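Notes to accompany the following structure.
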Amino acid sequence: MQKNGPVALIFHVLVLTFVLAPLVIICLVAFTPENTLSLPTTGLSLRWFKAVFEHPDFMASFWNSIWLATLSATLAVAFAVPAALAISRYTFPGRDFLNALFLSPLIIPHLVLGVAFLRLFALLGATGSFAWLVATHIIVVTPYVLRLVLAALSGLDRSAEQAARTLGAGEWTAFRRITAPMILPGITGGWLLAFINSFDELTMSIFVTSPATVTLPVRMYMYATESIDPMMAAVSALMIAITAAAMLVLDRTFGLDRILVGQR
Amino acid sequence: MIARSSTLSAPWLLAGPGALFFFGLVLLPLALTVILSFHAYDHSTGIQNTFTLSHYVTVVTDGYYLEIFWRTLRIAALTTLICAAIGVPEAYILSRMRDPWRSVFLLVIIGPLLVSVVVRTFGWSMLLGSQGLVNQALQLLGFPSVRILYTETAIVIALVHVMLPFMVIPVWTALQKLDPMVEAAAWTLGASHFTALRRVVMPQVTLGMLSGSLIVFGLSASAFAVPALLGGRRLKMAATLVYDEYLHELNWPLGATIAIIVLVANLCIMLAYNRMVEARARRTLG
């Protein structure tokens, strides 16, 4: 294999710098002892992290987002696994339509989904409830789970399942004891990807959250438009840390490149 | 007989709950929004129960809206071009690396995809601000400081950063399908590096680049966080315009009109592009 030349390597370093610069600057500024957004020059301080943990709005939004992401990822799995079984194992009229319907939130801009939900909830008188917020997030994250579970099912050797059925296992038992464990990597990977996407979602959520259900990204957006102090950097650094931890888990268990790149 | 009816109903039993849920929360709200965009609106009494095309007429004739649409298209196109110019060579360089560097750097490039857009945009607002690192570096080198934040340049820079993984991933996938020995074979047969690159690697890469461009363009044209945080009050794009109409002007029908235009434009571009990519795939790959 041909090696990369010096020009290619310089280009590569420049791209890496570009990709990492905003993340690195956030993590540095988060440790500033000053009152303004500045690089820590005199010393490192944890005061802005402390400020985040003592800020009731940020903490409420953080737990709100954690619950929201957990619930919507779990319910998305509950919808996506049976749907994936139907789509990959049966041919029936409307199959392509169903597949397109389940994947459509990937094509519809989140902005459009946001205003559409807002209209529906206004007509139903359901604006601002947490349960409806969960429902909207299920819509947004289900496609990610579905794609990974479909990929897991398509690479599956069905002989073990057929053997179980021949030996007298019912359909449910065969699924629970044989198929489910075999597609578990796909399900867990899908759940984590769904969790992260729900946890990060801003554009759609901004239309459907109420003051009582503000998610962390929406809170950060509102904070960033109003005031500029290093607390924003500290929250951002915490978000980066959480995402990096989730990425490490994903990578160790399934290979992040496989999940993000090789879905088809 | 029983077996037949069960194979017909089984998939609907499995997928039915999800299908109902998606029907009620995707198709129904979209239909309601389309209807909303035809409702008349009065600034003192709100949404009227009469129907009109006036919002569509306003949006396509009023210079204020046309300028925003034009800016949205320009920024999305520029972002797509720059993403291709950076992402395609970078994917090629990555594919020629050896493990473990290859997987490490691939993670570094596509990993930021999982970091919230608000966080990444905030990082850029610190870098590009009047006292930001970029300006400090310029001053250190003896250049006058420049105003980047709250300009289209800032929006494009941050959008490229957010969208780059969507370009690298499909090009990388296309390159993985290419056997490196084919390129080597071209060299042994006397092709120069440039010819091998152009005749062997490029046809594969182009397919990945086209599907990457489609995603990048669509996402950039409807991006909200980046223009909202880096564009300031005056520099609006389609998404921030919709947000303002809904939450500040409270003119929901007009906001719905713009959202529907964004959606339809997105779907049209996607369909046209898909046709083109498929035709190209048939031609080049047989």
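Note on naming: chains are A, B, ... as they come in the structure tokens, residues start from 1 per chain, ligands start from 1 in the order shown.
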At most 6 Å is the cut-off: for each residue in chain B with any atom that close to an atom of chain A, write down the nearest atom pair and the distance in Å rounded to one decimal, counting only C-alpha atoms, chain first then increasing number, as a Markdown table.
| residue | atom | partner | partner_atom | distance |
| --- | --- | --- | --- | --- |
| B:Pro11 | CA | A:Ala86 | CA | 4.5 |
| B:Leu14 | CA | A:Pro82 | CA | 4.9 |
| B:Ala15 | CA | A:Ala83 | CA | 4.2 |
| B:Gly18 | CA | A:Phe79 | CA | 5.2 |
| B:Pro29 | CA | A:Ala116 | CA | 4.8 |
| B:Leu30 | CA | A:Ala116 | CA | 5.4 |
| B:Thr33 | CA | A:Ala116 | CA | 5.5 |
| B:Ser116 | CA | A:Asp200 | CA | 4.7 |
| B:Val119 | CA | A:Ser236 | CA | 5.4 |
| B:Gly123 | CA | A:Pro22 | CA | 4.3 |
| B:Trp124 | CA | A:Pro22 | CA | 5.5 |
| B:Ile169 | CA | A:Val261 | CA | 5.8 |
| B:Ala259 | CA | A:Val112 | CA | 5.5 |
Please list as a ChimeraX atom specification every residue within 9 Å of Leu214 of chain B, counting only C-alpha atoms and excluding residues in the same chain fewer than 5 positions away. /B:80,209,219,269-270,273-274
Limited to C-alpha atoms, could you put the picked residues into a file as a tab-separated table (two decimals), in the first residue's frame?
chain	number	residue	atom	x	y	z
B	80	THR	CA	-21.13	21.57	0.58
B	209	MET	CA	-19.04	12.35	-2.62
B	219	LEU	CA	-28.72	19.56	6.63
B	269	ILE	CA	-33.35	18.04	-4.27
B	270	MET	CA	-33.06	14.61	-2.66
B	273	TYR	CA	-30.01	13.84	-6.71
B	274	ASN	CA	-30.94	10.20	-6.10
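Excluding segment 59-71 of chain B itself and same-chain residues fewer than 6 positions from it, the residues having an atom within 8 Å of it are Lys236, Met237, Ala238 and Ile258 of chain B, counting only C-alpha atoms.
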Mind giving me the straight-line distance from atom CA of Thr17 of chain A to atom CA of Pro227 of chain B in Å, one decimal?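 It comes out at 22.6 Å.
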Which residues, written as an MDAnalysis selection string, have at least one atom at most 9 Å from Ile110 of chain B, with only C-alpha atoms counted and residues fewer than 2 positions away on the same chain left out? (chainID A and resid 257 260) or (chainID B and resid 105:108 112:114 164:166 168:169)
Residues from last step as file, C-alpha atoms, as a PDB file, in the first residue's frame:
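After the write, again28.pdb holds the following:
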ATOM      1  CA  ASP A 257     -16.736   3.060  13.003  1.00  0.00           C
ATOM      2  CA  LEU A 260     -21.530   5.165  12.372  1.00  0.00           C
TER       3      LEU A 260
ATOM      4  CA  PHE B 105      -8.063   9.277  13.292  1.00  0.00           C
ATOM      5  CA  LEU B 106     -11.337   8.071  11.804  1.00  0.00           C
ATOM      6  CA  LEU B 107     -12.805   8.305  15.313  1.00  0.00           C
ATOM      7  CA  VAL B 108     -11.367  11.797  15.775  1.00  0.00           C
ATOM      8  CA  PRO B 112     -17.633  15.144  16.933  1.00  0.00           C
ATOM      9  CA  LEU B 113     -20.833  14.044  15.168  1.00  0.00           C
ATOM     10  CA  LEU B 114     -21.992  12.869  18.569  1.00  0.00           C
ATOM     11  CA  LEU B 164     -17.635  17.317   7.662  1.00  0.00           C
ATOM     12  CA  PRO B 165     -18.323  13.835   9.136  1.00  0.00           C
ATOM     13  CA  PHE B 166     -21.332  13.453   6.815  1.00  0.00           C
ATOM     14  CA  VAL B 168     -16.134  11.741   5.187  1.00  0.00           C
ATOM     15  CA  ILE B 169     -18.376   8.777   6.075  1.00  0.00           C
TER      16      ILE B 169
END
Using only C-alpha atoms, which of B:Met163, B:Leu229, B:Val216, B:Leu189 sits nearest Tyr223 of chain A?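 Selected residue with least distance to Tyr223 of chain A: B:Leu229.
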Using Å and a single decimal, report how far atom CA of Thr173 of chain B sits from atom CA of Leu184 of chain A. 24.2 Å
